[in-house]
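Take a look at the structure below.
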Amino acid sequence: MSESVVNGSYKLGEVSIDLTVRGSGPALLFLHPEIGIETDAPLIDALAREWQVHVPAHPGFGGSELPRWMSEVDDLAYFYLDYLAAQNIERAVVVGSSFGGWIAAEMAIRSCERISHLVLAGAAGIKVADREHRDFVDMFTVSMAELNALSYEDPMLARRDIRELDEAALTQLHRNREATGLFAWSPYMHHPKLRQRLHRIVAPTLVLWGSNDRIVSADYGRAWCAGIPGAQFDQIANSGHYPHIEQPASFAARVTAFAKA
Amino acid sequence: MNIMMFHLMPYADLDLVEADQYPASWATLPNYLYDPEKGHKLYNRYLDELTYAETLGFDGVCVNEHHQTAYGIMPSPVVMAAALSQRIKHAKIAILGNALPLRDHPLTLAEEHSMIDNITGGRLISGFVRGIGAEYHSFGANPTTSLERFREAHDLIIRAWTQPGPFEFHSKYYHFEYVNVWPRPYQRPHPPIWIPSQGSRETVEFASHPTRKYTYLQTFSPIVSVAKNLKLYKQLAHEQGYSAAASQLGWATPVYVGETDESAFAQCSEHYENFRNHFLGKMPLEMLMPPGYTSRESAKAIVAAKSAAHEKVDTRRAHQLGMMTCGSIATVTERLVGYMREIGFGNLLTMMQFGTLPAELTRRSMERFAEGVMPALRKAAREMQEDSARECHV
């Protein structure tokens, strides 16, 4: 595929979303976490050296529209399966972080026809702990300062203060929280039946975890591996819940090594 | 003029020092802090206070719904309304309100309110609210769909009360093959609907709409915002071609009447401040305002001005701002009559017990209010009515 750079909006059916496409090579779809993604994220450049990277903002997140009828993660999974078809992408590496990992897994249980490899990084979506314990820190009850402190190992990132955000960034932050609430409030950050359906994932799968994830434990990552046939587990050093933000170079290298092996 | 007594029924025996160790006074405040022996006494004391309100001449009593907090121990106001229905023989009983979107089966509310309306022979006032933000954590209810669910549940309940059953109802969130409420409400077409709110334009628009004309109640706010929202109601009514009656406007506020201004403040300050700062007070903003619960603009503004919500308010300041009213009979009368003349509300909901205010002080304040303040308010309301009737004839 030829070199291409897209920065702007993209319309699929009735839904207009923000989309960044960068780099050349085989297609890679990156599904961002609950906190969204910035279009100048170092991860995108790191991946674009080997891949044609597609980075949409999910419906309801960033600057993307939210159609009134969307309310569940399967709506997003079908949306991205349609996206791959609409873009004529025959085989894509699908990488999802946290909430985006949940969308990626919901895509893969429906169809791996267009998914060459699946990478789940700190992925939400399954229920592992017993009924009286939550797997995932309740992002809606802790203060934003505390949430940042829990999310990152890097103290610079951990101390970010939302009061320093500009107006546009603050709007996006609130849209991201609202959309996460819509899709993941209850059951919180999981679909009760997803775990029973993981056997349907036939794409080679890598489960990646930050070495110091305090939002969701590495054991939860291992539970993904137990459910997905042949899935591998690996950790990224010096990182909390979002290794693609804290260690973009090693994250990209690990994804590339896995998907090109 | 409707003068009601509103009760939150706080868990007044809360160990404030112990409770202060926890980050929130809602949703996650551990329930070991609740002692059922003390709770037993409090429930019955509060029922006695509301019963006494009828004896003293209040037109009605009001209960409401809150969950997992010492702020109010009425997770089901319907239970309290049922208990009151056997004690209160003539006054109105207002449920202000039940939180519609917290429920997957709003028809249960249509049934329960209808039962109370039948038992009391039509003395129920039915209040509809969304519940406060923290309650979406307590109930696992999705705050981002709360407004839509409120509107749908409202439509379902009103239809269930007014439209012959059985009928089908399939909305986005609620699915019923057979809506057919037994018993039907005693009042025709249905009990009066009151909408309590801290004040949002959307809520005022909803209540004032000509197809509804619901009584809008501004709760626990500085008087400027009471005046602003009730004025907005009248203005919206006017724009839609009708004139809002005083009975469509209400104000709910803490009141304490002492022998003198000095003794009133001395007696109630600590208890009012406990209400503000310990019972209502402590909540991380993220918990108070779950995503989507308020409009994005107000969420942004509140998060940006983070410190404001945590500001501690003392009683004198609260009195100055008109968030509460405290003083001698003369002071309280002058203020309430003044506000009524200025703002024109036809419903005054006095919260005569708040925070840790003990039984004796509550009763003495209620008595002074009933003897000294209530007659003056009624007289002023009559005069206002006569004046406006005269204007109409001219």
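Chain labels follow the order of the structure tokens: the first chain is A, the next B, and so on; residue numbering restarts at 1 in every chain, and ligands are counted from 1 in their shown order.
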Nearby residues (only C-alpha atoms) at most 12 Å from His40 in chain B, same-chain spacing under 4 positions excluded, as a list in words:
Met9, Tyr11, Ala12, Asp13, Tyr34, Asp35, Pro36, Asn44, Arg45, Tyr46, Leu47 and Ile73 of chain B
Mind listing the strand (DSSP E or B) residues of range 288-387 of chain B, per DSSP on the backbone, as a list in words?
Thr325, Cys326, Gly327, Asn347, Leu348, Leu349, Thr350 and Met351 of chain B
Based on only C-alpha atoms, which of the residues in chain A come within 12 Å of chain B? I want them as an MDAnalysis selection string.
chainID A and resid 60 68:72 138:147 161:188
Go ahead and write the selection's residues with N, CA and C atoms as a tab-separated table (two decimals), in the first residue's frame.
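After the write, selection.tsv holds the following:
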```
chain	number	residue	atom	x	y	z
A	60	GLY	N	-18.24	8.95	19.91
A	60	GLY	CA	-18.47	9.50	21.25
A	60	GLY	C	-17.20	10.01	21.92
A	68	ARG	N	-27.18	8.19	18.27
A	68	ARG	CA	-28.07	7.96	19.41
A	68	ARG	C	-28.28	6.49	19.74
A	69	TRP	N	-28.19	5.66	18.72
A	69	TRP	CA	-28.52	4.25	18.97
A	69	TRP	C	-27.36	3.47	19.57
A	70	MET	N	-26.16	4.01	19.56
A	70	MET	CA	-25.03	3.25	20.11
A	70	MET	C	-25.03	3.29	21.63
A	71	SER	N	-24.89	2.14	22.25
A	71	SER	CA	-24.88	2.12	23.71
A	71	SER	C	-24.05	0.99	24.29
A	72	GLU	N	-23.59	0.08	23.43
A	72	GLU	CA	-22.84	-1.07	23.95
A	72	GLU	C	-21.58	-1.29	23.13
A	138	ASP	N	-12.16	1.44	39.96
A	138	ASP	CA	-13.33	2.21	39.55
A	138	ASP	C	-12.92	3.63	39.19
A	139	MET	N	-12.74	3.84	37.91
A	139	MET	CA	-12.24	5.13	37.42
A	139	MET	C	-13.21	6.27	37.67
A	140	PHE	N	-14.44	5.95	38.03
A	140	PHE	CA	-15.45	7.00	38.19
A	140	PHE	C	-15.61	7.47	39.62
A	141	THR	N	-14.99	6.80	40.57
A	141	THR	CA	-15.13	7.27	41.95
A	141	THR	C	-13.85	7.89	42.49
A	142	VAL	N	-12.70	7.55	41.92
A	142	VAL	CA	-11.48	8.18	42.42
A	142	VAL	C	-11.34	9.56	41.77
A	143	SER	N	-10.62	10.44	42.44
A	143	SER	CA	-10.44	11.77	41.87
A	143	SER	C	-9.52	11.65	40.66
A	144	MET	N	-9.56	12.66	39.80
A	144	MET	CA	-8.74	12.59	38.59
A	144	MET	C	-7.25	12.58	38.94
A	145	ALA	N	-6.89	13.29	40.00
A	145	ALA	CA	-5.48	13.30	40.41
A	145	ALA	C	-5.05	11.89	40.84
A	146	GLU	N	-5.91	11.24	41.59
A	146	GLU	CA	-5.60	9.90	42.07
A	146	GLU	C	-5.57	8.91	40.90
A	147	LEU	N	-6.47	9.13	39.96
A	147	LEU	CA	-6.51	8.23	38.80
A	147	LEU	C	-5.23	8.34	37.98
A	161	ASP	N	-2.01	17.71	35.92
A	161	ASP	CA	-3.14	18.34	36.58
A	161	ASP	C	-4.15	18.77	35.51
A	162	ILE	N	-5.37	18.30	35.65
A	162	ILE	CA	-6.33	18.63	34.59
A	162	ILE	C	-6.66	20.11	34.54
A	163	ARG	N	-6.37	20.82	35.63
A	163	ARG	CA	-6.67	22.25	35.62
A	163	ARG	C	-5.77	23.01	34.65
A	164	GLU	N	-4.69	22.33	34.20
A	164	GLU	CA	-3.80	22.98	33.24
A	164	GLU	C	-4.20	22.72	31.80
A	165	LEU	N	-5.24	21.92	31.59
A	165	LEU	CA	-5.66	21.62	30.23
A	165	LEU	C	-6.32	22.84	29.59
A	166	ASP	N	-6.13	22.98	28.27
A	166	ASP	CA	-6.85	24.06	27.60
A	166	ASP	C	-8.29	23.62	27.35
A	167	GLU	N	-9.08	24.58	26.85
A	167	GLU	CA	-10.51	24.37	26.69
A	167	GLU	C	-10.82	23.14	25.80
A	168	ALA	N	-10.11	23.03	24.69
A	168	ALA	CA	-10.39	21.94	23.75
A	168	ALA	C	-10.06	20.59	24.40
A	169	ALA	N	-8.93	20.55	25.11
A	169	ALA	CA	-8.53	19.30	25.74
A	169	ALA	C	-9.50	18.90	26.85
A	170	LEU	N	-9.99	19.93	27.55
A	170	LEU	CA	-10.93	19.66	28.64
A	170	LEU	C	-12.26	19.11	28.09
A	171	THR	N	-12.68	19.68	26.97
A	171	THR	CA	-13.91	19.18	26.33
A	171	THR	C	-13.74	17.71	25.94
A	172	GLN	N	-12.58	17.40	25.35
A	172	GLN	CA	-12.33	16.00	24.95
A	172	GLN	C	-12.30	15.09	26.16
A	173	LEU	N	-11.67	15.56	27.23
A	173	LEU	CA	-11.61	14.74	28.44
A	173	LEU	C	-13.02	14.39	28.92
A	174	HIS	N	-13.90	15.40	28.91
A	174	HIS	CA	-15.26	15.14	29.36
A	174	HIS	C	-16.04	14.27	28.38
A	175	ARG	N	-15.83	14.47	27.09
A	175	ARG	CA	-16.49	13.58	26.11
A	175	ARG	C	-16.02	12.15	26.31
A	176	ASN	N	-14.72	11.96	26.54
A	176	ASN	CA	-14.19	10.62	26.73
A	176	ASN	C	-14.78	9.96	27.97
A	177	ARG	N	-14.90	10.75	29.03
A	177	ARG	CA	-15.48	10.18	30.26
A	177	ARG	C	-16.96	9.82	30.06
A	178	GLU	N	-17.67	10.69	29.38
A	178	GLU	CA	-19.09	10.41	29.13
A	178	GLU	C	-19.27	9.16	28.28
A	179	ALA	N	-18.45	9.07	27.23
A	179	ALA	CA	-18.60	7.91	26.35
A	179	ALA	C	-18.20	6.63	27.09
A	180	THR	N	-17.15	6.71	27.90
A	180	THR	CA	-16.76	5.54	28.68
A	180	THR	C	-17.90	5.15	29.62
A	181	GLY	N	-18.52	6.16	30.22
A	181	GLY	CA	-19.66	5.89	31.10
A	181	GLY	C	-20.79	5.20	30.36
A	182	LEU	N	-21.09	5.71	29.17
A	182	LEU	CA	-22.19	5.12	28.39
A	182	LEU	C	-21.92	3.64	28.11
A	183	PHE	N	-20.69	3.33	27.66
A	183	PHE	CA	-20.41	1.96	27.21
A	183	PHE	C	-20.01	1.02	28.35
A	184	ALA	N	-19.48	1.58	29.45
A	184	ALA	CA	-18.80	0.70	30.41
A	184	ALA	C	-19.21	0.90	31.86
A	185	TRP	N	-20.30	1.65	32.10
A	185	TRP	CA	-20.67	1.92	33.51
A	185	TRP	C	-21.12	0.66	34.22
A	186	SER	N	-22.03	-0.06	33.58
A	186	SER	CA	-22.58	-1.24	34.24
A	186	SER	C	-23.06	-2.24	33.19
A	187	PRO	N	-22.57	-3.49	33.21
A	187	PRO	CA	-21.52	-4.01	34.09
A	187	PRO	C	-20.23	-3.24	33.85
A	188	TYR	N	-19.53	-2.96	34.94
A	188	TYR	CA	-18.38	-2.08	34.85
A	188	TYR	C	-17.23	-2.72	34.07
```
Nearby residues (only C-alpha atoms) at most 9 Å from Val119 in chain A, same-chain spacing under 4 positions excluded, as a list in words
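The contact residues come out as Val93, Val94, Val95, Gly96, Ser97, Gly101, Ala104, Pro204, Thr205, Leu206, Val207, Leu208, Val255, Phe258 and Ala259 of chain A.
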Write out as an mmCIF file with C-alpha atoms, in the first residue's frame which residues come within 10 Å of Leu357 in chain B when counting only C-alpha atoms, dropping same-chain ones fewer than 4 positions away.
```cif
data_model
loop_
_atom_site.group_PDB
_atom_site.id
_atom_site.type_symbol
_atom_site.label_atom_id
_atom_site.label_comp_id
_atom_site.auth_asym_id
_atom_site.auth_seq_id
_atom_site.Cartn_x
_atom_site.Cartn_y
_atom_site.Cartn_z
ATOM 1 C CA PRO B 10 -30.626 12.283 58.665
ATOM 2 C CA ALA B 12 -28.162 12.317 63.381
ATOM 3 C CA TYR B 256 -34.893 27.622 62.648
ATOM 4 C CA GLN B 267 -28.832 26.864 69.332
ATOM 5 C CA CYS B 268 -28.781 25.773 65.709
ATOM 6 C CA SER B 269 -25.412 26.759 64.214
ATOM 7 C CA GLU B 270 -23.515 23.629 65.120
ATOM 8 C CA HIS B 271 -26.332 21.421 63.880
ATOM 9 C CA TYR B 272 -26.772 23.288 60.617
ATOM 10 C CA ASN B 274 -23.057 19.452 60.580
ATOM 11 C CA PHE B 275 -25.801 19.171 57.951
ATOM 12 C CA MET B 352 -37.414 22.208 60.563
ATOM 13 C CA GLN B 353 -34.937 19.494 61.459
ATOM 14 C CA LEU B 361 -34.933 22.147 69.781
ATOM 15 C CA THR B 362 -36.739 20.925 66.668
#
```
Shell around Ala108 in chain A at 12 Å using only C-alpha atoms, local window under 5 positions removed, as a ChimeraX atom specification
/A:74,77-78,80-81,92-96,101-103,113-120,194,197-205,228
Tell me, in Å to one decimal, how far CA of Lys312 in chain B is from CA of Glu202 in chain B.
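Between CA of Lys312 in chain B and CA of Glu202 in chain B the gap works out to 28.3 Å.
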Tell me which protein, DNA and RNA residues are within 10 Å of Asn347 in chain B, counting only C-alpha atoms, leaving out same-chain ones fewer than 4 positions away, and put them as number ranges by chain.
B: 1-4, 59, 215-217, 246-252, 340
Quick one: write out the picked residues with N, CA and C atoms as a compact mmCIF listing (two decimals), in the first residue's frame?
```
# COMPACT_ATOMS: atom_id res chain seq x y z
N MET B 1 -51.71 29.44 50.04
CA MET B 1 -50.32 29.19 50.48
C MET B 1 -50.22 27.83 51.15
N ASN B 2 -49.34 27.05 50.61
CA ASN B 2 -49.10 25.73 51.16
C ASN B 2 -47.85 25.77 52.03
N ILE B 3 -47.99 25.54 53.31
CA ILE B 3 -46.80 25.53 54.17
C ILE B 3 -46.58 24.10 54.65
N MET B 4 -45.48 23.54 54.23
CA MET B 4 -45.23 22.13 54.47
C MET B 4 -44.00 21.97 55.37
N ASP B 59 -49.66 22.37 56.37
CA ASP B 59 -50.57 21.84 55.35
C ASP B 59 -50.15 20.47 54.85
N THR B 215 -45.47 21.63 39.53
CA THR B 215 -44.90 22.53 40.52
C THR B 215 -43.39 22.32 40.56
N TYR B 216 -42.67 23.40 40.36
CA TYR B 216 -41.21 23.36 40.41
C TYR B 216 -40.74 23.83 41.78
N LEU B 217 -39.89 23.03 42.40
CA LEU B 217 -39.39 23.35 43.74
C LEU B 217 -37.90 23.57 43.70
N ALA B 246 -49.09 30.78 41.58
CA ALA B 246 -48.16 30.65 42.72
C ALA B 246 -48.01 29.19 43.13
N SER B 247 -49.08 28.41 42.96
CA SER B 247 -49.02 27.00 43.36
C SER B 247 -48.05 26.18 42.51
N GLN B 248 -47.60 26.76 41.39
CA GLN B 248 -46.63 26.05 40.55
C GLN B 248 -45.20 26.32 40.99
N LEU B 249 -45.03 27.17 42.00
CA LEU B 249 -43.68 27.56 42.41
C LEU B 249 -43.46 27.24 43.89
N GLY B 250 -42.32 26.64 44.17
CA GLY B 250 -42.03 26.30 45.56
C GLY B 250 -40.57 26.45 45.91
N TRP B 251 -40.37 26.53 47.22
CA TRP B 251 -39.00 26.70 47.73
C TRP B 251 -38.85 25.81 48.97
N ALA B 252 -37.81 25.02 48.99
CA ALA B 252 -37.53 24.17 50.15
C ALA B 252 -36.27 24.67 50.83
N MET B 340 -41.47 35.94 49.89
CA MET B 340 -42.68 35.48 49.23
C MET B 340 -43.27 36.58 48.36
```
Check the DSSP output for the backbone and give back, as a PyMOL selection string, the residues of range 22-258 of chain A in helix (DSSP H, G or I).
chain A and resi 42-48+73-86+99-110+144-151+155-158+162-164+167-184+194-200+218-227+243-246+248-258
Save the residues we just selected, C-alpha atoms, as an mmCIF file, in the first residue's frame?
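Below is the file out-v4.cif, written as the result:
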```cif
data_model
loop_
_atom_site.group_PDB
_atom_site.id
_atom_site.type_symbol
_atom_site.label_atom_id
_atom_site.label_comp_id
_atom_site.auth_asym_id
_atom_site.auth_seq_id
_atom_site.Cartn_x
_atom_site.Cartn_y
_atom_site.Cartn_z
ATOM 1 C CA PRO A 42 4.727 9.201 19.742
ATOM 2 C CA LEU A 43 3.259 5.703 19.419
ATOM 3 C CA ILE A 44 1.694 6.543 16.051
ATOM 4 C CA ASP A 45 5.049 7.636 14.588
ATOM 5 C CA ALA A 46 6.808 4.628 16.064
ATOM 6 C CA LEU A 47 4.313 2.234 14.466
ATOM 7 C CA ALA A 48 4.158 4.188 11.183
ATOM 8 C CA VAL A 73 -19.355 -2.183 23.069
ATOM 9 C CA ASP A 74 -20.678 -4.553 20.409
ATOM 10 C CA ASP A 75 -21.909 -1.469 18.528
ATOM 11 C CA LEU A 76 -18.280 -0.328 18.378
ATOM 12 C CA ALA A 77 -17.012 -3.802 17.424
ATOM 13 C CA TYR A 78 -19.407 -3.993 14.463
ATOM 14 C CA PHE A 79 -18.515 -0.425 13.552
ATOM 15 C CA TYR A 80 -14.808 -1.313 13.240
ATOM 16 C CA LEU A 81 -15.472 -4.577 11.412
ATOM 17 C CA ASP A 82 -17.433 -2.446 8.947
ATOM 18 C CA TYR A 83 -14.538 0.022 8.867
ATOM 19 C CA LEU A 84 -12.036 -2.667 7.812
ATOM 20 C CA ALA A 85 -14.412 -3.782 5.058
ATOM 21 C CA ALA A 86 -15.149 -0.231 3.918
ATOM 22 C CA PHE A 99 -11.222 -0.060 26.786
ATOM 23 C CA GLY A 100 -9.940 -0.271 23.178
ATOM 24 C CA GLY A 101 -8.710 -3.803 23.944
ATOM 25 C CA TRP A 102 -12.250 -4.704 24.914
ATOM 26 C CA ILE A 103 -13.502 -3.462 21.530
ATOM 27 C CA ALA A 104 -10.723 -5.431 19.767
ATOM 28 C CA ALA A 105 -11.692 -8.649 21.556
ATOM 29 C CA GLU A 106 -15.387 -8.117 20.753
ATOM 30 C CA MET A 107 -14.410 -7.708 17.085
ATOM 31 C CA ALA A 108 -12.312 -10.870 17.131
ATOM 32 C CA ILE A 109 -14.991 -13.111 18.671
ATOM 33 C CA ARG A 110 -17.335 -11.996 15.881
ATOM 34 C CA MET A 144 -8.743 12.591 38.589
ATOM 35 C CA ALA A 145 -5.479 13.302 40.411
ATOM 36 C CA GLU A 146 -5.601 9.902 42.075
ATOM 37 C CA LEU A 147 -6.513 8.234 38.799
ATOM 38 C CA ASN A 148 -3.460 9.721 37.086
ATOM 39 C CA ALA A 149 -1.263 8.604 39.959
ATOM 40 C CA LEU A 150 -2.601 5.057 39.605
ATOM 41 C CA SER A 151 -2.433 4.975 35.820
ATOM 42 C CA PRO A 155 5.872 10.545 37.932
ATOM 43 C CA MET A 156 5.639 13.354 35.356
ATOM 44 C CA LEU A 157 2.584 11.769 33.792
ATOM 45 C CA ALA A 158 1.229 10.733 37.172
ATOM 46 C CA ILE A 162 -6.329 18.630 34.586
ATOM 47 C CA ARG A 163 -6.669 22.254 35.619
ATOM 48 C CA GLU A 164 -3.799 22.981 33.244
ATOM 49 C CA GLU A 167 -10.512 24.366 26.686
ATOM 50 C CA ALA A 168 -10.393 21.942 23.753
ATOM 51 C CA ALA A 169 -8.526 19.296 25.739
ATOM 52 C CA LEU A 170 -10.932 19.664 28.638
ATOM 53 C CA THR A 171 -13.906 19.176 26.328
ATOM 54 C CA GLN A 172 -12.333 16.005 24.953
ATOM 55 C CA LEU A 173 -11.608 14.743 28.442
ATOM 56 C CA HIS A 174 -15.262 15.136 29.360
ATOM 57 C CA ARG A 175 -16.493 13.583 26.109
ATOM 58 C CA ASN A 176 -14.188 10.622 26.729
ATOM 59 C CA ARG A 177 -15.484 10.181 30.261
ATOM 60 C CA GLU A 178 -19.091 10.408 29.130
ATOM 61 C CA ALA A 179 -18.599 7.908 26.348
ATOM 62 C CA THR A 180 -16.761 5.538 28.680
ATOM 63 C CA GLY A 181 -19.660 5.887 31.103
ATOM 64 C CA LEU A 182 -22.185 5.124 28.391
ATOM 65 C CA PHE A 183 -20.412 1.960 27.213
ATOM 66 C CA ALA A 184 -18.803 0.698 30.408
ATOM 67 C CA LEU A 194 -17.177 -12.349 26.733
ATOM 68 C CA ARG A 195 -14.961 -14.863 28.519
ATOM 69 C CA GLN A 196 -17.100 -17.780 27.327
ATOM 70 C CA ARG A 197 -16.680 -16.609 23.755
ATOM 71 C CA LEU A 198 -12.901 -16.154 23.634
ATOM 72 C CA HIS A 199 -12.365 -19.602 22.097
ATOM 73 C CA ARG A 200 -13.732 -18.120 18.871
ATOM 74 C CA ALA A 218 -1.147 -8.914 35.339
ATOM 75 C CA ASP A 219 -3.156 -11.926 36.529
ATOM 76 C CA TYR A 220 -6.113 -10.480 34.695
ATOM 77 C CA GLY A 221 -3.900 -10.388 31.581
ATOM 78 C CA ARG A 222 -3.022 -14.034 32.118
ATOM 79 C CA ALA A 223 -6.733 -14.838 32.293
ATOM 80 C CA TRP A 224 -7.102 -13.454 28.760
ATOM 81 C CA CYS A 225 -4.356 -15.868 27.664
ATOM 82 C CA ALA A 226 -6.070 -18.782 29.352
ATOM 83 C CA GLY A 227 -9.209 -18.085 27.322
ATOM 84 C CA PRO A 243 2.495 1.165 28.035
ATOM 85 C CA HIS A 244 1.765 2.666 24.605
ATOM 86 C CA ILE A 245 2.057 6.104 26.263
ATOM 87 C CA GLU A 246 4.890 5.436 28.702
ATOM 88 C CA PRO A 248 5.921 3.860 22.882
ATOM 89 C CA ALA A 249 9.144 2.627 21.264
ATOM 90 C CA SER A 250 9.281 -0.710 23.043
ATOM 91 C CA PHE A 251 5.507 -1.085 22.681
ATOM 92 C CA ALA A 252 5.765 -0.586 18.901
ATOM 93 C CA ALA A 253 8.804 -2.878 18.681
ATOM 94 C CA ARG A 254 7.041 -5.618 20.600
ATOM 95 C CA VAL A 255 3.917 -5.377 18.416
ATOM 96 C CA THR A 256 5.998 -5.404 15.208
ATOM 97 C CA ALA A 257 8.136 -8.345 16.311
ATOM 98 C CA PHE A 258 4.996 -10.325 17.130
#
```
Please provide the set of residues having any atom within 12 Å of Leu14 in chain B, restricted to only C-alpha atoms, with same-chain residues fewer than 2 positions apart removed, written as number ranges by chain.
B: 10-12, 16-20, 25, 29-36, 38-39, 42, 69-73, 274-275, 278-279, 355-356
Write the selection just made, keeping N, CA, C and O atoms, as a short mmCIF file (atom, residue, chain, number, x, y, z; two decimals), in the first residue's frame?
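result_34.cif was written with the following content:
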```cif
data_model
loop_
_atom_site.label_atom_id
_atom_site.label_comp_id
_atom_site.auth_asym_id
_atom_site.auth_seq_id
_atom_site.Cartn_x
_atom_site.Cartn_y
_atom_site.Cartn_z
N PRO B 10 -32.05 12.62 58.65
CA PRO B 10 -30.63 12.28 58.67
C PRO B 10 -30.30 11.29 59.78
O PRO B 10 -31.04 11.19 60.76
N TYR B 11 -29.23 10.57 59.60
CA TYR B 11 -28.76 9.70 60.69
C TYR B 11 -27.98 10.60 61.65
O TYR B 11 -26.76 10.72 61.59
N ALA B 12 -28.72 11.26 62.54
CA ALA B 12 -28.16 12.32 63.38
C ALA B 12 -27.16 11.78 64.41
O ALA B 12 -26.38 12.55 64.97
N LEU B 16 -19.28 11.76 64.00
CA LEU B 16 -18.71 12.66 62.99
C LEU B 16 -17.20 12.53 62.88
O LEU B 16 -16.64 12.65 61.79
N VAL B 17 -16.56 12.27 63.98
CA VAL B 17 -15.10 12.15 63.96
C VAL B 17 -14.69 10.89 63.20
O VAL B 17 -13.82 10.91 62.31
N GLU B 18 -15.37 9.81 63.53
CA GLU B 18 -15.10 8.54 62.86
C GLU B 18 -15.41 8.65 61.34
O GLU B 18 -14.63 8.23 60.50
N ALA B 19 -16.56 9.25 61.05
CA ALA B 19 -16.99 9.36 59.64
C ALA B 19 -16.03 10.23 58.84
O ALA B 19 -15.85 10.03 57.64
N ASP B 20 -15.42 11.18 59.52
CA ASP B 20 -14.52 12.11 58.86
C ASP B 20 -13.27 11.45 58.29
O ASP B 20 -12.59 12.03 57.44
N SER B 25 -19.14 11.11 52.06
CA SER B 25 -20.24 10.86 52.98
C SER B 25 -21.41 10.18 52.26
O SER B 25 -22.49 10.01 52.82
N LEU B 29 -19.53 5.51 52.30
CA LEU B 29 -19.37 5.67 53.76
C LEU B 29 -19.78 4.35 54.42
O LEU B 29 -20.92 3.92 54.28
N PRO B 30 -18.84 3.69 55.12
CA PRO B 30 -19.13 2.31 55.55
C PRO B 30 -20.34 2.23 56.49
O PRO B 30 -20.50 3.07 57.37
N ASN B 31 -21.13 1.19 56.32
CA ASN B 31 -22.40 1.15 57.05
C ASN B 31 -22.25 0.59 58.47
O ASN B 31 -23.24 0.50 59.19
N TYR B 32 -21.02 0.25 58.90
CA TYR B 32 -20.87 -0.07 60.33
C TYR B 32 -21.15 1.17 61.18
O TYR B 32 -21.45 1.07 62.37
N LEU B 33 -21.06 2.35 60.53
CA LEU B 33 -21.31 3.59 61.25
C LEU B 33 -22.79 3.77 61.59
O LEU B 33 -23.15 4.66 62.36
N TYR B 34 -23.63 2.95 61.00
CA TYR B 34 -25.07 3.00 61.30
C TYR B 34 -25.38 1.98 62.40
O TYR B 34 -25.09 0.79 62.26
N ASP B 35 -25.99 2.47 63.49
CA ASP B 35 -26.38 1.59 64.60
C ASP B 35 -27.91 1.43 64.59
O ASP B 35 -28.63 2.42 64.79
N PRO B 36 -28.39 0.21 64.34
CA PRO B 36 -29.84 0.02 64.21
C PRO B 36 -30.62 0.40 65.47
O PRO B 36 -31.77 0.85 65.37
N LYS B 38 -30.01 2.89 67.45
CA LYS B 38 -30.19 4.34 67.37
C LYS B 38 -31.12 4.69 66.20
O LYS B 38 -31.94 5.60 66.31
N GLY B 39 -30.96 3.97 65.12
CA GLY B 39 -31.81 4.20 63.95
C GLY B 39 -33.28 3.99 64.27
O GLY B 39 -34.14 4.76 63.86
N LEU B 42 -34.49 7.00 66.00
CA LEU B 42 -34.56 8.16 65.11
C LEU B 42 -35.76 8.10 64.17
O LEU B 42 -36.47 9.09 64.01
N THR B 69 -26.22 6.81 52.66
CA THR B 69 -25.67 8.03 53.24
C THR B 69 -26.35 8.34 54.57
O THR B 69 -27.50 7.96 54.79
N ALA B 70 -25.62 9.05 55.43
CA ALA B 70 -26.21 9.52 56.68
C ALA B 70 -27.04 10.79 56.46
O ALA B 70 -27.77 11.22 57.34
N TYR B 71 -26.94 11.36 55.28
CA TYR B 71 -27.66 12.59 54.93
C TYR B 71 -29.17 12.40 55.07
O TYR B 71 -29.89 13.29 55.49
N GLY B 72 -29.63 11.23 54.70
CA GLY B 72 -31.04 10.92 54.83
C GLY B 72 -31.22 9.41 54.82
O GLY B 72 -30.66 8.75 53.95
N ILE B 73 -31.96 8.88 55.79
CA ILE B 73 -32.07 7.42 55.87
C ILE B 73 -33.43 6.95 55.34
O ILE B 73 -34.08 6.10 55.92
N ASN B 274 -23.21 20.91 60.75
CA ASN B 274 -23.06 19.45 60.58
C ASN B 274 -23.81 18.97 59.34
O ASN B 274 -23.32 18.13 58.58
N PHE B 275 -25.02 19.51 59.15
CA PHE B 275 -25.80 19.17 57.95
C PHE B 275 -25.03 19.52 56.68
O PHE B 275 -24.87 18.70 55.78
N HIS B 278 -20.92 17.85 57.10
CA HIS B 278 -20.70 16.41 57.33
C HIS B 278 -21.69 15.53 56.59
O HIS B 278 -21.32 14.49 56.06
N PHE B 279 -22.97 15.92 56.60
CA PHE B 279 -23.98 15.04 56.00
C PHE B 279 -24.07 15.22 54.49
O PHE B 279 -24.02 14.27 53.73
N GLY B 355 -29.44 18.15 60.02
CA GLY B 355 -28.20 17.68 60.63
C GLY B 355 -28.46 17.02 61.96
O GLY B 355 -29.29 16.12 62.09
N THR B 356 -27.78 17.54 62.98
CA THR B 356 -27.86 16.91 64.30
C THR B 356 -28.82 17.63 65.23
O THR B 356 -28.80 17.41 66.45
#
```
For a test of reading the model, state the distance in Å between CA of Pro77 in chain B and CA of Arg130 in chain B, rounded to one decimal.
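CA of Arg130 in chain B lies at a distance of 14.4 Å from CA of Pro77 in chain B.
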